[in-house]
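Containing PDB, C-alpha atoms: model12.pdb.
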ATOM      1  CA  MET A   1      -7.830 -26.628 -17.118
ATOM      2  CA  ILE A   2      -7.590 -26.590 -13.338
ATOM      3  CA  THR A   3      -9.966 -23.600 -13.226
ATOM      4  CA  GLU A   4     -12.692 -25.752 -14.837
ATOM      5  CA  LYS A   5     -13.347 -23.019 -17.405
ATOM      6  CA  PRO A   6     -14.313 -24.050 -20.933
ATOM      7  CA  VAL A   7     -11.592 -24.310 -23.548
ATOM      8  CA  LEU A   8     -11.943 -23.645 -27.263
ATOM      9  CA  PHE A   9      -9.272 -24.983 -29.603
ATOM     10  CA  PHE A  10      -8.841 -22.750 -32.652
ATOM     11  CA  VAL A  11      -6.982 -25.150 -34.940
ATOM     12  CA  PRO A  12      -7.450 -24.165 -38.589
ATOM     13  CA  ASP A  13      -4.080 -25.720 -39.404
ATOM     14  CA  LEU A  14      -4.279 -28.848 -37.245
ATOM     15  CA  THR A  15      -3.667 -31.304 -40.088
ATOM     16  CA  GLU A  16      -0.560 -29.464 -41.273
ATOM     17  CA  TYR A  17       0.675 -29.060 -37.688
ATOM     18  CA  LEU A  18       0.374 -32.769 -36.922
ATOM     19  CA  GLU A  19       2.063 -33.669 -40.207
ATOM     20  CA  THR A  20       5.172 -31.647 -39.342
ATOM     21  CA  ARG A  21       5.635 -32.423 -35.639
ATOM     22  CA  THR A  22       5.976 -35.347 -33.329
ATOM     23  CA  VAL A  23       3.466 -35.046 -30.513
ATOM     24  CA  LEU A  24       3.758 -36.467 -27.007
ATOM     25  CA  PHE A  25       0.246 -37.893 -26.990
ATOM     26  CA  GLU A  26      -2.733 -38.240 -29.296
ATOM     27  CA  TYR A  27      -4.457 -34.900 -29.724
ATOM     28  CA  PRO A  28      -8.007 -36.065 -30.549
ATOM     29  CA  PRO A  29      -8.785 -38.058 -27.400
ATOM     30  CA  THR A  30      -7.197 -35.515 -25.041
ATOM     31  CA  ALA A  31      -8.582 -32.176 -26.240
ATOM     32  CA  PRO A  32     -11.250 -31.270 -23.662
ATOM     33  CA  GLY A  33     -13.106 -28.814 -25.847
ATOM     34  CA  PRO A  34     -14.313 -28.278 -29.388
ATOM     35  CA  TRP A  35     -11.899 -28.064 -32.304
ATOM     36  CA  LEU A  36     -12.765 -24.989 -34.310
ATOM     37  CA  ASP A  37     -11.336 -24.268 -37.725
ATOM     38  CA  SER A  38     -12.747 -20.824 -38.491
ATOM     39  CA  THR A  39     -13.315 -17.516 -36.743
ATOM     40  CA  ARG A  40     -17.040 -17.957 -37.364
ATOM     41  CA  ALA A  41     -16.973 -21.266 -35.477
ATOM     42  CA  VAL A  42     -15.102 -19.592 -32.603
ATOM     43  CA  GLY A  43     -17.698 -16.809 -32.515
ATOM     44  CA  ASP A  44     -20.553 -19.309 -32.526
ATOM     45  CA  ALA A  45     -18.941 -21.258 -29.675
ATOM     46  CA  LEU A  46     -18.459 -18.075 -27.658
ATOM     47  CA  LEU A  47     -22.116 -17.233 -28.131
ATOM     48  CA  ASP A  48     -22.992 -20.678 -26.751
ATOM     49  CA  LEU A  49     -20.408 -20.867 -23.981
ATOM     50  CA  ALA A  50     -22.887 -22.371 -21.524
ATOM     51  CA  GLY A  51     -23.583 -25.181 -23.981
ATOM     52  CA  VAL A  52     -19.877 -25.744 -24.684
ATOM     53  CA  THR A  53     -19.214 -25.817 -20.943
ATOM     54  CA  ALA A  54     -21.883 -28.451 -20.385
ATOM     55  CA  ARG A  55     -20.970 -30.592 -23.422
ATOM     56  CA  TYR A  56     -17.286 -30.818 -22.476
ATOM     57  CA  ALA A  57     -17.558 -31.036 -18.665
ATOM     58  CA  ALA A  58     -16.748 -34.756 -18.622
ATOM     59  CA  ALA A  59     -13.826 -34.285 -21.020
ATOM     60  CA  ARG A  60     -12.364 -31.513 -18.834
ATOM     61  CA  LYS A  61     -12.730 -33.721 -15.762
ATOM     62  CA  LYS A  62     -11.021 -36.641 -17.516
ATOM     63  CA  PHE A  63      -8.219 -34.342 -18.728
ATOM     64  CA  ASN A  64      -7.641 -32.990 -15.216
ATOM     65  CA  GLU A  65      -7.612 -36.482 -13.734
ATOM     66  CA  ARG A  66      -4.985 -37.553 -16.247
ATOM     67  CA  PHE A  67      -2.766 -34.464 -16.435
ATOM     68  CA  ASN A  68      -3.483 -32.304 -13.373
ATOM     69  CA  ARG A  69      -4.210 -34.680 -10.517
ATOM     70  CA  ARG A  70      -1.271 -33.301  -8.503
ATOM     71  CA  HIS A  71      -2.459 -29.671  -8.771
ATOM     72  CA  ASP A  72      -3.901 -29.577  -5.292
ATOM     73  CA  GLY A  73      -2.173 -26.573  -3.726
ATOM     74  CA  TYR A  74       0.606 -28.658  -2.153
ATOM     75  CA  ALA A  75       3.053 -29.071  -5.047
ATOM     76  CA  THR A  76       5.659 -26.708  -3.577
ATOM     77  CA  LYS A  77       5.496 -28.477  -0.230
ATOM     78  CA  ARG A  78       6.065 -31.835  -1.924
ATOM     79  CA  VAL A  79       9.076 -30.473  -3.823
ATOM     80  CA  VAL A  80      10.602 -28.920  -0.692
ATOM     81  CA  ASP A  81       9.945 -32.082   1.319
ATOM     82  CA  ALA A  82      11.517 -34.264  -1.389
ATOM     83  CA  PHE A  83      14.512 -31.981  -1.847
ATOM     84  CA  PHE A  84      15.312 -31.489   1.837
ATOM     85  CA  ALA A  85      14.270 -34.905   3.129
TER      86      ALA A  85
END

Structure encoded using structure tokens:
Amino acid sequence: MITEKPVLFFVPDLTEYLETRTVLFEYPPTAPGPWLDSTRAVGDALLDLAGVTARYAAARKKFNERFNRRHDGYATKRVVDAFFA
């Protein structure tokens, strides 16, 4: 996500997966890309990657703000500073 590249979620078994596992957070509001349930849908999305990129730009930004805000190139420095301070 931190590269800002589009993401496609190939999830043909999403319902079964969610029925058998406990998840850390709600999948629907956090997935910053289309949910695709067939190889045809994946192929169609790949053929329209510019459109997918544009449609999900805001969702990727929101995802990065929530989950990747500390990915700024200084994570190691913060760890070293905290450990040796």

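Among the candidates A:Tyr27, A:Tyr74, A:Phe63, A:Phe83, the one nearest to Thr15 of chain A when counting only C-alpha atoms is A:Tyr27.
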
Where is the centre and how long are the edges: axis-aligned box on segment 48-62 of chain A, 6 Å on each side, Å to one decimal, as lines of an AutoDock Vina configuration file:
center_x = -17.3
center_y = -28.7
center_z = -21.3
size_x = 24.6
size_y = 28.0
size_z = 23.0

- Enter the distance from atom CA of Asp37 of chain A to atom CA of Thr20 of chain A, in Å, rounded to one decimal. 18.2 Å

- Identify, on the basis of only C-alpha atoms, every residue whose closest approach to segment 42-58 of chain A does not exceed 12 Å; exclude the query and any residue fewer than 4 positions from it along the same chain; express the result as a list in words. Met1, Thr3, Glu4, Lys5, Pro6, Val7, Leu8, Phe9, Phe10, Val11, Pro12, Thr30, Ala31, Pro32, Gly33, Pro34, Trp35, Leu36, Asp37, Ser38, Lys62, Phe63, Asn64 and Glu65 of chain A

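Going from atom CA of Arg60 of chain A to atom CA of Glu19 of chain A covers 25.9 Å.
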
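Atom pair atom CA of Phe67 of chain A / atom CA of Pro28 of chain A has a distance of 15.1 Å (rounded to one decimal).
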